[in-house]
$ cat input_35.cif   # mmCIF, C-alpha atoms and all ligand atoms
data_target
#
loop_
_atom_site.label_atom_id
_atom_site.label_comp_id
_atom_site.auth_asym_id
_atom_site.auth_seq_id
_atom_site.Cartn_x
_atom_site.Cartn_y
_atom_site.Cartn_z
CA MET A 102 -24.21 -22.99 30.64
CA THR A 103 -24.54 -19.63 28.91
CA GLU A 104 -25.74 -19.61 25.30
CA ILE A 105 -22.69 -18.79 23.16
CA LYS A 106 -23.24 -15.52 21.31
CA ASN A 107 -19.71 -14.23 21.38
CA VAL A 108 -16.28 -15.82 21.40
CA ALA A 109 -12.81 -14.51 22.18
CA VAL A 110 -10.02 -16.20 20.22
CA ILE A 111 -6.70 -15.80 22.00
CA GLY A 112 -3.78 -15.82 19.55
CA LEU A 113 -4.28 -14.60 15.96
CA GLY A 114 -1.70 -16.84 14.30
CA TYR A 115 -1.91 -19.53 11.65
CA ILE A 116 -4.74 -21.29 13.53
CA GLY A 117 -6.38 -18.63 15.72
CA LEU A 118 -7.08 -16.15 12.92
CA PRO A 119 -8.66 -18.69 10.52
CA THR A 120 -10.78 -20.02 13.40
CA ALA A 121 -11.84 -16.51 14.43
CA ALA A 122 -12.70 -15.64 10.82
CA ILE A 123 -14.70 -18.79 10.13
CA LEU A 124 -16.71 -18.43 13.36
CA ALA A 125 -17.43 -14.79 12.47
CA THR A 126 -18.53 -15.55 8.90
CA ASN A 127 -20.87 -18.15 10.39
CA GLY A 128 -22.68 -15.58 12.52
CA VAL A 129 -20.77 -15.59 15.82
CA ASP A 130 -19.49 -12.29 17.25
CA VAL A 131 -15.74 -12.71 17.64
CA VAL A 132 -12.99 -10.71 19.30
CA GLY A 133 -9.52 -11.82 18.23
CA VAL A 134 -6.86 -11.15 20.85
CA ASP A 135 -3.14 -10.92 20.22
CA VAL A 136 -0.12 -9.54 22.08
CA ASN A 137 1.35 -8.14 18.84
CA PRO A 138 -0.01 -4.62 18.11
CA LYS A 139 0.83 -4.99 14.39
CA THR A 140 -1.30 -8.12 14.14
CA VAL A 141 -4.18 -6.44 15.98
CA GLU A 142 -3.97 -3.39 13.68
CA ALA A 143 -3.81 -5.52 10.52
CA VAL A 144 -6.77 -7.71 11.51
CA GLY A 145 -8.68 -4.60 12.60
CA ARG A 146 -8.32 -3.32 9.03
CA GLY A 147 -9.53 -6.67 7.68
CA GLU A 148 -6.05 -7.75 6.58
CA VAL A 149 -4.11 -10.97 7.13
CA PRO A 150 -0.47 -10.67 8.23
CA PHE A 151 0.65 -13.98 6.63
CA VAL A 152 -0.01 -16.11 3.52
CA GLU A 153 -2.90 -18.60 3.63
CA PRO A 154 -5.18 -19.15 0.62
CA ASP A 155 -8.77 -17.81 1.00
CA LEU A 156 -8.19 -16.47 4.52
CA GLY A 157 -8.02 -12.84 3.34
CA GLY A 158 -11.57 -12.94 1.95
CA HIS A 159 -12.98 -14.40 5.17
CA VAL A 160 -11.22 -11.86 7.41
CA ALA A 161 -12.18 -8.89 5.20
CA LYS A 162 -15.83 -10.01 5.11
CA ALA A 163 -16.02 -10.72 8.85
CA VAL A 164 -14.52 -7.32 9.74
CA ALA A 165 -16.69 -5.47 7.20
CA GLU A 166 -19.83 -7.10 8.64
CA GLY A 167 -18.77 -6.05 12.14
CA ARG A 168 -18.61 -9.68 13.37
CA LEU A 169 -14.83 -9.73 13.89
CA ARG A 170 -12.71 -7.19 15.70
CA ALA A 171 -9.20 -7.41 17.11
CA SER A 172 -7.89 -6.33 20.50
CA LEU A 173 -4.81 -6.41 22.69
CA GLU A 174 -7.05 -7.03 25.73
CA THR A 175 -8.93 -10.23 26.62
CA PRO A 176 -12.63 -9.29 26.79
CA VAL A 177 -15.62 -10.72 28.66
CA ALA A 178 -17.03 -13.48 26.40
CA ASP A 179 -19.29 -16.53 26.50
CA ALA A 180 -16.48 -18.75 25.18
CA TYR A 181 -12.72 -18.54 24.81
CA ILE A 182 -10.61 -20.41 22.25
CA VAL A 183 -6.91 -20.47 23.11
CA ALA A 184 -4.66 -20.88 20.05
CA VAL A 185 -1.25 -19.76 21.26
CA PRO A 186 2.16 -21.35 20.56
CA THR A 187 3.50 -24.28 22.57
CA PRO A 188 7.20 -24.35 21.71
CA PHE A 189 9.56 -26.70 23.49
CA ASN A 190 12.19 -25.89 26.09
CA ALA A 191 15.90 -26.71 25.71
CA ASP A 192 15.23 -30.08 27.41
CA LYS A 193 12.43 -30.83 24.87
CA THR A 194 9.63 -30.47 27.43
CA ALA A 195 6.70 -28.28 26.37
CA ASP A 196 6.79 -24.58 27.24
CA LEU A 197 3.29 -23.88 28.61
CA SER A 198 3.98 -20.23 29.45
CA TYR A 199 1.85 -18.86 26.56
CA ILE A 200 -1.09 -21.06 27.62
CA GLU A 201 -0.66 -19.93 31.24
CA ALA A 202 -0.52 -16.26 30.16
CA ALA A 203 -3.77 -16.74 28.19
CA GLY A 204 -5.36 -18.29 31.32
CA THR A 205 -4.13 -15.42 33.49
CA ASN A 206 -5.82 -12.91 31.18
CA ILE A 207 -9.05 -14.92 30.88
CA ALA A 208 -9.48 -15.49 34.63
CA PRO A 209 -10.57 -11.97 35.70
CA GLN A 210 -13.17 -11.82 32.89
CA LEU A 211 -15.07 -14.94 33.98
CA ARG A 212 -18.56 -14.72 35.50
CA GLY A 213 -19.18 -18.50 35.66
CA GLY A 214 -20.70 -20.72 32.96
CA GLU A 215 -18.12 -19.95 30.26
CA LEU A 216 -16.59 -22.45 27.86
CA ILE A 217 -12.80 -22.44 27.52
CA ILE A 218 -11.28 -24.44 24.68
CA LEU A 219 -7.56 -25.10 24.31
CA GLU A 220 -6.65 -25.59 20.63
CA SER A 221 -2.87 -25.30 20.94
CA THR A 222 -1.03 -28.57 20.41
CA SER A 223 -0.30 -29.65 23.96
CA PRO A 224 1.37 -32.37 26.01
CA PRO A 225 -0.90 -34.73 27.97
CA GLY A 226 -2.32 -32.90 30.99
CA ALA A 227 -2.06 -29.34 29.57
CA THR A 228 -5.83 -28.77 29.45
CA GLN A 229 -6.18 -29.80 33.08
CA HIS A 230 -3.19 -27.55 33.83
CA LEU A 231 -4.98 -24.61 32.17
CA ALA A 232 -8.13 -25.32 34.20
CA ASP A 233 -6.12 -25.57 37.43
CA HIS A 234 -4.27 -22.35 36.59
CA ILE A 235 -7.53 -20.43 36.06
CA LEU A 236 -9.24 -21.92 39.12
CA ALA A 237 -6.24 -21.02 41.30
CA LEU A 238 -6.77 -17.39 40.24
CA ARG A 239 -10.54 -17.66 40.66
CA PRO A 240 -11.23 -19.84 43.73
CA ASP A 241 -14.86 -18.64 43.62
CA LEU A 242 -15.34 -20.77 40.45
CA SER A 243 -15.18 -24.56 39.97
CA LEU A 244 -15.47 -27.15 37.20
CA ASP A 245 -19.20 -27.20 38.03
CA ASN A 246 -19.57 -23.76 36.46
CA LEU A 247 -16.60 -23.63 34.10
CA LEU A 248 -16.44 -25.81 31.00
CA VAL A 249 -12.88 -26.63 29.87
CA ALA A 250 -12.07 -28.73 26.82
CA HIS A 251 -9.31 -29.51 24.34
CA CYS A 252 -9.96 -29.44 20.60
CA PRO A 253 -6.67 -29.81 18.73
CA GLU A 254 -6.30 -28.18 15.33
CA ARG A 255 -5.31 -30.60 12.57
CA VAL A 256 -5.41 -28.43 9.46
CA LEU A 257 -2.68 -28.55 6.83
CA PRO A 258 -0.96 -25.22 6.13
CA GLY A 259 -2.01 -24.12 2.63
CA ARG A 260 -5.43 -25.84 2.96
CA VAL A 261 -6.54 -24.35 6.27
CA MET A 262 -9.83 -22.76 5.12
CA ILE A 263 -10.92 -26.01 3.47
CA GLU A 264 -9.79 -28.40 6.20
CA LEU A 265 -11.30 -26.26 9.01
CA VAL A 266 -14.68 -27.02 7.48
CA THR A 267 -14.19 -30.57 6.17
CA ASN A 268 -11.86 -32.31 8.67
CA ASP A 269 -13.30 -34.42 11.47
CA ARG A 270 -12.53 -32.96 14.91
CA ILE A 271 -11.68 -34.54 18.21
CA VAL A 272 -13.07 -32.78 21.27
CA GLY A 273 -11.88 -33.83 24.72
CA GLY A 274 -13.62 -32.39 27.74
CA ILE A 275 -12.39 -32.16 31.31
CA THR A 276 -16.06 -33.01 31.87
CA ARG A 277 -18.57 -34.53 29.45
CA GLU A 278 -20.61 -31.33 29.57
CA ALA A 279 -17.55 -29.34 28.45
CA ALA A 280 -16.98 -31.68 25.48
CA GLU A 281 -20.63 -31.36 24.45
CA ALA A 282 -20.55 -27.55 24.71
CA ALA A 283 -17.38 -27.40 22.59
CA ARG A 284 -18.95 -29.74 20.03
CA ASP A 285 -21.97 -27.42 19.75
CA LEU A 286 -19.70 -24.44 19.11
CA TYR A 287 -17.60 -26.20 16.43
CA GLN A 288 -20.78 -27.38 14.74
CA THR A 289 -21.42 -23.78 13.67
CA PHE A 290 -18.78 -24.21 10.92
CA CYS A 291 -17.40 -27.78 10.95
CA GLN A 292 -19.04 -30.20 8.54
CA GLY A 293 -16.83 -33.15 9.55
CA GLU A 294 -17.66 -35.60 12.30
CA ILE A 295 -17.04 -34.29 15.82
CA LEU A 296 -15.78 -37.06 18.07
CA LEU A 297 -16.02 -36.69 21.86
CA THR A 298 -13.51 -38.03 24.37
CA ASP A 299 -11.65 -36.90 27.50
CA ALA A 300 -9.08 -34.08 27.39
CA THR A 301 -5.93 -36.21 27.76
CA THR A 302 -6.93 -38.61 24.98
CA ALA A 303 -7.65 -35.63 22.71
CA GLU A 304 -4.22 -34.18 23.53
CA MET A 305 -2.54 -37.48 22.75
CA ALA A 306 -4.55 -38.00 19.54
CA LYS A 307 -3.05 -34.88 18.01
CA LEU A 308 0.48 -35.80 19.09
CA VAL A 309 0.06 -39.35 17.86
CA GLU A 310 -1.10 -38.23 14.40
CA ASN A 311 2.03 -36.14 13.89
CA SER A 312 4.28 -38.82 15.42
CA PHE A 313 2.79 -41.39 13.06
CA ARG A 314 3.90 -39.21 10.15
CA ASP A 315 7.31 -38.53 11.72
CA VAL A 316 8.01 -42.24 12.29
CA ASN A 317 7.01 -43.05 8.72
CA ILE A 318 9.15 -40.25 7.26
CA ALA A 319 12.05 -41.51 9.41
CA PHE A 320 11.61 -44.95 7.84
CA ALA A 321 11.83 -43.38 4.37
CA ASN A 322 14.87 -41.30 5.38
CA GLU A 323 16.63 -44.36 6.78
CA LEU A 324 15.92 -46.23 3.53
CA SER A 325 17.51 -43.42 1.53
CA VAL A 326 20.72 -43.64 3.57
CA ILE A 327 20.79 -47.45 3.30
CA SER A 328 20.07 -47.29 -0.43
CA ASP A 329 22.88 -44.81 -1.01
CA LYS A 330 25.29 -47.17 0.72
CA LEU A 331 24.10 -50.12 -1.36
CA GLY A 332 24.05 -48.20 -4.66
CA ILE A 333 20.25 -48.46 -5.04
CA ASN A 334 17.89 -45.72 -6.31
CA VAL A 335 15.67 -45.20 -3.25
CA TRP A 336 12.86 -43.57 -5.26
CA GLU A 337 12.58 -46.57 -7.54
CA LEU A 338 12.80 -48.88 -4.51
CA ILE A 339 9.92 -47.11 -2.71
CA GLU A 340 7.79 -46.92 -5.82
CA LEU A 341 8.19 -50.65 -6.39
CA ALA A 342 7.55 -51.57 -2.74
CA ASN A 343 4.44 -49.36 -2.69
CA HIS A 344 2.85 -51.58 -5.33
CA HIS A 345 2.21 -54.02 -2.46
CA PRO A 346 -1.42 -53.51 -1.43
CA ARG A 347 -0.54 -52.97 2.25
CA VAL A 348 2.68 -50.95 1.89
CA ASN A 349 2.70 -47.14 1.64
CA ILE A 350 6.18 -45.77 2.31
CA LEU A 351 6.48 -41.97 2.47
CA GLN A 352 9.13 -39.90 0.70
CA PRO A 353 12.68 -39.27 1.96
CA GLY A 354 13.85 -35.68 2.15
CA PRO A 355 16.57 -33.47 3.62
CA GLY A 356 14.97 -33.66 7.09
CA VAL A 357 11.61 -32.83 8.66
CA GLY A 358 10.64 -29.19 9.07
CA GLY A 359 7.67 -27.05 10.05
CA HIS A 360 6.44 -26.22 13.51
CA CYS A 361 4.44 -29.41 14.14
CA ILE A 362 5.90 -32.74 13.09
CA ALA A 363 9.42 -31.92 14.27
CA VAL A 364 8.10 -30.72 17.65
CA ASP A 365 5.03 -32.69 18.73
CA PRO A 366 6.65 -36.15 19.10
CA TRP A 367 8.93 -34.70 21.80
CA PHE A 368 5.82 -33.98 23.92
CA ILE A 369 5.11 -37.72 23.97
CA VAL A 370 8.76 -38.57 24.65
CA SER A 371 8.98 -36.14 27.56
CA SER A 372 5.75 -37.54 29.05
CA ALA A 373 6.91 -41.18 28.90
CA PRO A 374 10.67 -41.21 28.14
CA GLU A 375 11.31 -44.87 28.89
CA GLU A 376 8.38 -46.09 26.83
CA SER A 377 8.80 -43.84 23.76
CA LYS A 378 11.90 -45.45 22.23
CA LEU A 379 10.68 -45.69 18.63
CA ILE A 380 9.20 -42.19 18.64
CA ARG A 381 12.45 -40.72 20.00
CA GLN A 382 14.56 -42.67 17.49
CA ALA A 383 12.41 -41.42 14.61
CA ARG A 384 12.97 -37.83 15.73
CA GLU A 385 16.72 -38.44 15.97
CA THR A 386 16.80 -40.15 12.56
CA ASN A 387 15.00 -37.24 10.91
CA ASP A 388 17.11 -34.66 12.75
CA ALA A 389 20.27 -36.43 11.54
CA LYS A 390 19.29 -36.24 7.87
CA PRO A 391 20.60 -32.67 7.28
CA GLU A 392 24.07 -33.79 8.42
CA TRP A 393 23.96 -36.63 5.88
CA VAL A 394 23.06 -34.09 3.17
CA LEU A 395 26.08 -32.00 4.19
CA ASP A 396 28.31 -35.05 3.80
CA GLN A 397 26.87 -35.61 0.31
CA VAL A 398 27.80 -32.05 -0.64
CA GLY A 399 31.28 -32.61 0.80
CA LYS A 400 31.69 -35.68 -1.42
CA ALA A 401 30.47 -33.78 -4.50
CA LEU A 402 32.88 -30.90 -3.83
CA ASP A 403 35.66 -33.45 -3.35
CA GLY A 404 38.03 -31.03 -1.59
CA ALA A 405 37.72 -28.35 -4.30
CA ASP A 406 35.53 -26.00 -2.24
CA ALA A 407 37.67 -22.90 -2.84
CA ASN A 408 36.84 -22.69 -6.53
CA SER A 409 33.34 -24.14 -6.37
CA THR A 410 29.84 -22.76 -6.52
CA VAL A 411 26.86 -24.68 -5.17
CA ALA A 412 23.31 -23.92 -6.36
CA VAL A 413 20.91 -24.49 -3.45
CA LEU A 414 17.35 -24.98 -4.70
CA GLY A 415 14.63 -24.23 -2.14
CA LEU A 416 14.54 -22.90 1.43
CA ALA A 417 10.90 -23.51 2.48
CA PHE A 418 10.12 -26.40 4.84
CA LYS A 419 8.16 -28.17 2.12
CA ALA A 420 7.02 -27.77 -1.48
CA ASN A 421 4.91 -24.90 -2.83
CA ILE A 422 4.68 -22.77 0.32
CA ASP A 423 6.60 -19.70 1.52
CA ASP A 424 6.88 -20.93 5.13
CA LEU A 425 10.51 -21.04 6.26
CA ARG A 426 9.85 -22.02 9.89
CA GLU A 427 12.07 -24.82 11.19
CA SER A 428 13.10 -25.53 7.63
CA PRO A 429 15.88 -28.12 7.25
CA ALA A 430 16.86 -26.33 4.03
CA ILE A 431 17.77 -23.21 6.02
CA SER A 432 19.83 -25.06 8.59
CA ILE A 433 21.58 -27.02 5.82
CA THR A 434 22.44 -23.80 3.96
CA GLN A 435 23.72 -22.17 7.16
CA ARG A 436 25.93 -25.14 7.97
CA LEU A 437 27.15 -25.46 4.37
CA SER A 438 28.26 -21.83 4.34
CA GLU A 439 30.25 -22.43 7.54
CA ARG A 440 31.71 -25.84 6.73
CA PHE A 441 32.69 -24.94 3.16
CA ALA A 442 33.54 -21.33 3.91
CA THR A 443 35.54 -20.83 0.71
CA ALA A 444 32.78 -22.10 -1.60
CA ASP A 445 29.98 -19.86 -2.93
CA PHE A 446 26.30 -20.66 -2.45
CA LYS A 447 23.64 -19.34 -4.83
CA VAL A 448 20.24 -19.88 -3.25
CA ALA A 449 17.11 -20.06 -5.43
CA GLU A 450 13.77 -19.80 -3.57
CA PRO A 451 10.96 -18.56 -5.83
CA HIS A 452 8.72 -17.64 -2.86
CA ILE A 453 10.98 -15.05 -1.24
CA HIS A 454 12.54 -11.76 -2.34
CA GLU A 455 15.28 -11.49 0.27
CA LEU A 456 17.27 -13.97 2.33
CA PRO A 457 16.01 -14.67 5.86
CA ALA A 458 18.00 -13.05 8.68
CA SER A 459 19.79 -16.32 9.47
CA LEU A 460 21.37 -16.34 6.00
CA ALA A 461 21.58 -12.64 5.13
CA GLY A 462 24.97 -11.00 5.56
CA ARG A 463 26.95 -14.20 4.97
CA GLY A 464 29.64 -13.35 2.45
CA ASN A 465 29.33 -16.64 0.57
CA VAL A 466 25.50 -16.91 0.38
CA GLU A 467 23.45 -15.01 -2.18
CA LEU A 468 19.85 -15.18 -3.43
CA ALA A 469 19.70 -15.95 -7.15
CA GLU A 470 17.25 -16.76 -9.92
CA THR A 471 16.89 -20.54 -10.40
CA HIS A 472 18.36 -20.97 -13.88
CA ALA A 473 21.16 -18.44 -13.30
CA ALA A 474 22.10 -20.21 -10.05
CA ILE A 475 22.31 -23.55 -11.85
CA ALA A 476 24.22 -22.16 -14.84
CA GLY A 477 27.10 -20.95 -12.67
CA ALA A 478 27.21 -23.95 -10.34
CA ASP A 479 29.53 -26.93 -10.06
CA VAL A 480 27.16 -28.71 -7.68
CA VAL A 481 23.33 -28.48 -7.67
CA LEU A 482 21.64 -29.31 -4.36
CA LEU A 483 17.85 -29.66 -4.52
CA LEU A 484 16.28 -29.26 -1.07
CA VAL A 485 12.61 -28.50 -1.85
CA ASP A 486 10.51 -29.97 -4.67
CA HIS A 487 8.75 -26.71 -5.59
CA GLN A 488 6.60 -26.82 -8.72
CA GLN A 489 8.83 -24.12 -10.30
CA PHE A 490 11.85 -26.46 -10.25
CA LYS A 491 10.06 -28.91 -12.54
CA ALA A 492 10.93 -26.56 -15.41
CA ILE A 493 14.64 -27.31 -14.96
CA HIS A 494 15.86 -29.14 -18.05
CA ALA A 495 18.21 -32.14 -17.84
CA ASP A 496 20.68 -30.28 -20.13
CA GLU A 497 21.07 -27.57 -17.47
CA LEU A 498 22.37 -30.17 -15.02
CA ALA A 499 24.75 -31.91 -17.43
CA GLY A 500 28.32 -32.18 -16.16
CA LYS A 501 27.43 -30.92 -12.65
CA GLY A 502 27.38 -32.78 -9.34
CA VAL A 503 23.66 -33.26 -8.58
CA ILE A 504 22.27 -34.00 -5.11
CA ASP A 505 18.52 -34.48 -5.29
CA THR A 506 17.20 -34.86 -1.74
CA ARG A 507 13.52 -34.99 -2.87
CA GLY A 508 13.65 -37.38 -5.82
CA MET A 509 12.62 -34.70 -8.30
CA TRP A 510 14.98 -35.96 -10.99
CA ARG A 511 14.74 -39.62 -10.00
N1 LIG A 601 7.99 -34.70 4.61
C1 LIG A 601 8.90 -35.62 4.07
N2 LIG A 601 8.42 -36.73 3.44
C2 LIG A 601 7.08 -36.96 3.29
C3 LIG A 601 6.16 -36.03 3.84
C4 LIG A 601 6.64 -34.91 4.49
O1 LIG A 601 10.12 -35.44 4.19
O2 LIG A 601 6.73 -37.98 2.68
C5 LIG A 601 8.48 -33.51 5.31
C6 LIG A 601 8.08 -32.19 4.65
O3 LIG A 601 8.95 -31.85 3.60
C7 LIG A 601 8.15 -31.23 5.80
C8 LIG A 601 7.71 -32.08 6.99
O4 LIG A 601 7.87 -33.44 6.58
O5 LIG A 601 9.47 -30.78 6.03
C9 LIG A 601 6.28 -31.86 7.45
O6 LIG A 601 5.40 -31.70 6.34
P1 LIG A 601 3.93 -32.33 6.30
O7 LIG A 601 3.30 -31.96 5.00
O8 LIG A 601 4.02 -33.78 6.59
O9 LIG A 601 3.15 -31.69 7.54
P2 LIG A 601 2.87 -30.20 8.11
O10 LIG A 601 3.89 -29.93 9.16
O11 LIG A 601 2.72 -29.20 7.03
O12 LIG A 601 1.41 -30.41 8.76
C10 LIG A 601 1.21 -31.47 9.70
C11 LIG A 601 -0.07 -32.23 9.31
N3 LIG A 601 -0.15 -33.47 10.08
C12 LIG A 601 -0.32 -34.68 9.49
O13 LIG A 601 -0.39 -34.81 8.28
C13 LIG A 601 -0.44 -35.86 10.40
C14 LIG A 601 -1.30 -31.35 9.57
O14 LIG A 601 -2.51 -32.10 9.33
C15 LIG A 601 -1.30 -30.82 11.01
O15 LIG A 601 -2.41 -29.97 11.26
C16 LIG A 601 -0.03 -30.02 11.19
O16 LIG A 601 1.09 -30.90 11.01
C17 LIG A 601 -0.04 -29.41 12.59
O17 LIG A 601 -0.34 -28.20 12.71
O18 LIG A 601 0.17 -30.15 13.56
#
$ encode --input "input_35.cif" --output "structure tokens"
Amino acid sequence: MTEIKNVAVIGLGYIGLPTAAILATNGVDVVGVDVNPKTVEAVGRGEVPFVEPDLGGHVAKAVAEGRLRASLETPVADAYIVAVPTPFNADKTADLSYIEAAGTNIAPQLRGGELIILESTSPPGATQHLADHILALRPDLSLDNLLVAHCPERVLPGRVMIELVTNDRIVGGITREAAEAARDLYQTFCQGEILLTDATTAEMAKLVENSFRDVNIAFANELSVISDKLGINVWELIELANHHPRVNILQPGPGVGGHCIAVDPWFIVSSAPEESKLIRQARETNDAKPEWVLDQVGKALDGADANSTVAVLGLAFKANIDDLRESPAISITQRLSERFATADFKVAEPHIHELPASLAGRGNVELAETHAAIAGADVVLLLVDHQQFKAIHADELAGKGVIDTRGMWR
């Protein structure tokens, strides 16, 4: 195998760019590749096109030192790290077209001996599929002279630059040699333990971690619905139960958002539909939670929608971030504005300055400052437990219908 002096990172998104930057600041020559010219231009200038603490400094330093450059074209390199999206299709199977496109662009650049690592969250078999795809384009090569491995990312948005260094990593090789080569590359920046396995187990490990969280959040969400029916405060209930030394129930919410936990379990379900009953049910339970929140608002409005104003607090998919992707708060606000078309909705989200496209232009939805939104509201609906909302005083809520989906005012 070739000694790895330079790496091409395919996909400069939330995972690819941090990985490219951290490799570069640890002495590896990196070319970051992206299909979006704006991303390539921004990274080329040493800038980061999205919010992630500490990433800006790494990218600026790597570019200034000449270790990181960005390109629209896949170059010749000793190793390739593929970090492209794996969305799901309408039938909830994984869409591997971005991975295939990355493979198509890598194939002509290969000379034999390269390491190819798939980092994208993938259904079981995707790494083998990538290898097969490349080898079909390059029949002159084989797994004897091409090292293909899977190394799933597991970093938490908002803590990416810390967790890239400190988290343990799972590396699954199509061959043992591939796993060992990938381990050696990650060791340039990863201080956690690097655990070797086969590619399919590594793929499943990532999916299982996020499904574990999804199933446990579904349990909490189900408890909140049961508790409401029985007239019990679910937050108190969970706090009390969690005093048991072997019980650790997660927190209910308005639904599960983000691009990982609400997606990855479906990759397990579509691989083994008959056997994944609990995992599927958890997904359905969490996906049903927004509808339950809508019903709560309906009860609070009590038929008086025409003259009512609802303050909606928070649009992000979780607390203290600006990430709106797959946010249940957005879909709840959209559906509220349609179902209660004669009510007004004042949305307070401290992390944004204008409404996202899915909400902009709706006559009854408007962005507002938090306290002003509450002051004019009949019903206050808290969807995200942002730090900023802690400053809301109990007096501000007096006399209003309050729906607290996060237990902020438990
Ligand atoms: N949520 C709850 N109740 C809870 C915890 C979370 O309702 O008790 C909700 C959040 O509000 C949010 C969603 O779940 O809508 C997901 O948030 P999260 O903080 O659980 O996870 P993500 O999506 O930000 O990141 C996860 C992480 N996976 C695990 O913790 C197992 C991260 O380590 C992964 O790298 C990431 O998915 C990923 O990229 O796969």
$ closest_atom_pairs --input "input_35.cif" --of "chain A" --to "ligand LIG 601 (chain A)" --cutoff "8 Å" --atoms "all atoms listed in the file" --output "tab-separated table"
residue	atom	partner	partner_atom	distance
A:Thr222	CA	A:LIG601	O18	7.1
A:Glu254	CA	A:LIG601	O15	5.9
A:Arg255	CA	A:LIG601	O15	3.2
A:Val256	CA	A:LIG601	O15	3.8
A:Leu257	CA	A:LIG601	C14	4.2
A:Pro258	CA	A:LIG601	O11	5.5
A:Lys307	CA	A:LIG601	O18	7.2
A:Leu308	CA	A:LIG601	O18	7.9
A:Glu310	CA	A:LIG601	C13	4.7
A:Asn311	CA	A:LIG601	C13	4.3
A:Ser312	CA	A:LIG601	C13	7.5
A:Phe313	CA	A:LIG601	C13	6.9
A:Arg314	CA	A:LIG601	C13	5.5
A:Asp315	CA	A:LIG601	O4	7.3
A:Asn317	CA	A:LIG601	O2	7.9
A:Ile318	CA	A:LIG601	N2	5.2
A:Ala321	CA	A:LIG601	N2	7.5
A:Asn322	CA	A:LIG601	O1	7.6
A:Ile350	CA	A:LIG601	O2	7.8
A:Leu351	CA	A:LIG601	O2	4.0
A:Gln352	CA	A:LIG601	O2	3.7
A:Pro353	CA	A:LIG601	O1	5.1
A:Gly354	CA	A:LIG601	O1	4.3
A:Pro355	CA	A:LIG601	O1	6.8
A:Gly356	CA	A:LIG601	O1	5.9
A:Val357	CA	A:LIG601	O5	4.0
A:Gly358	CA	A:LIG601	O5	3.6
A:Gly359	CA	A:LIG601	O10	4.8
A:His360	CA	A:LIG601	O10	6.3
A:Cys361	CA	A:LIG601	O18	4.4
A:Ile362	CA	A:LIG601	O10	5.2
A:Ala363	CA	A:LIG601	C8	7.5
A:Asp365	CA	A:LIG601	O18	7.5
A:Phe418	CA	A:LIG601	O5	4.6
A:Lys419	CA	A:LIG601	O3	4.0
A:Ala420	CA	A:LIG601	O3	6.8
A:Ser428	CA	A:LIG601	O5	6.6
A:Pro429	CA	A:LIG601	O5	7.0
A:Val485	CA	A:LIG601	O3	7.4
A:Arg507	CA	A:LIG601	O1	7.8
$ closest_residue --input "input_35.cif" --among "A:Leu414, A:Ala227, A:Ala449, A:Val503" --to "Ala195 in chain A" --atoms "all atoms listed in the file"
A:Ala227
$ closest_atom_pairs --input "input_35.cif" --of "range 438-484 of chain A" --to "range 398-413 of chain A" --cutoff "8 Å" --atoms "all atoms listed in the file" --output "tab-separated table"
residue	atom	partner	partner_atom	distance
A:Phe441	CA	A:Asp406	CA	6.2
A:Ala442	CA	A:Asp406	CA	8.0
A:Thr443	CA	A:Ala407	CA	4.6
A:Ala444	CA	A:Asp406	CA	4.8
A:Asp445	CA	A:Thr410	CA	4.6
A:Phe446	CA	A:Val411	CA	4.9
A:Lys447	CA	A:Ala412	CA	4.8
A:Val448	CA	A:Val413	CA	4.7
A:Ala449	CA	A:Val413	CA	6.2
A:Ala474	CA	A:Ala412	CA	5.4
A:Ile475	CA	A:Ala412	CA	5.6
A:Gly477	CA	A:Thr410	CA	7.0
A:Ala478	CA	A:Thr410	CA	4.8
A:Asp479	CA	A:Thr410	CA	5.5
A:Val480	CA	A:Val411	CA	4.8
A:Val481	CA	A:Ala412	CA	4.7
A:Leu482	CA	A:Val413	CA	5.0
A:Leu483	CA	A:Val413	CA	6.1
A:Leu484	CA	A:Val413	CA	7.1
$ atom_distance --input "input_35.cif" --atom1 "CA of Glu104 in chain A" --atom2 "CA of Arg146 in chain A"
28.9 Å
$ atom_distance --input "input_35.cif" --atom1 "CA of Pro154 in chain A" --atom2 "CA of Tyr115 in chain A"
11.5 Å
$ atom_distance --input "input_35.cif" --atom1 "CA of Arg511 in chain A" --atom2 "CA of Ala383 in chain A"
24.8 Å
$ closest_residue --input "input_35.cif" --among "A:Ile105, A:Ser243, A:Arg381, A:Leu211" --to "Ala282 in chain A" --atoms "only C-alpha atoms"
A:Ile105
$ residues_around --input "input_35.cif" --residues "range 294-302 of chain A" --least-positions-apart "3" --cutoff "12 Å" --atoms "all atoms listed in the file" --output "ChimeraX atom specification"
/A:218-220,222-232,248-253,265-291,305-309,369,372
$ closest_residue --input "input_35.cif" --among "A:Val136, A:Val335, A:Leu238, A:Leu118" --to "Glu148 in chain A" --atoms "only C-alpha atoms"
A:Leu118
$ closest_residue --input "input_35.cif" --among "A:Ala492, A:Val316, A:Ala125, A:Leu456" --to "Thr471 in chain A" --atoms "all atoms listed in the file"
A:Ala492
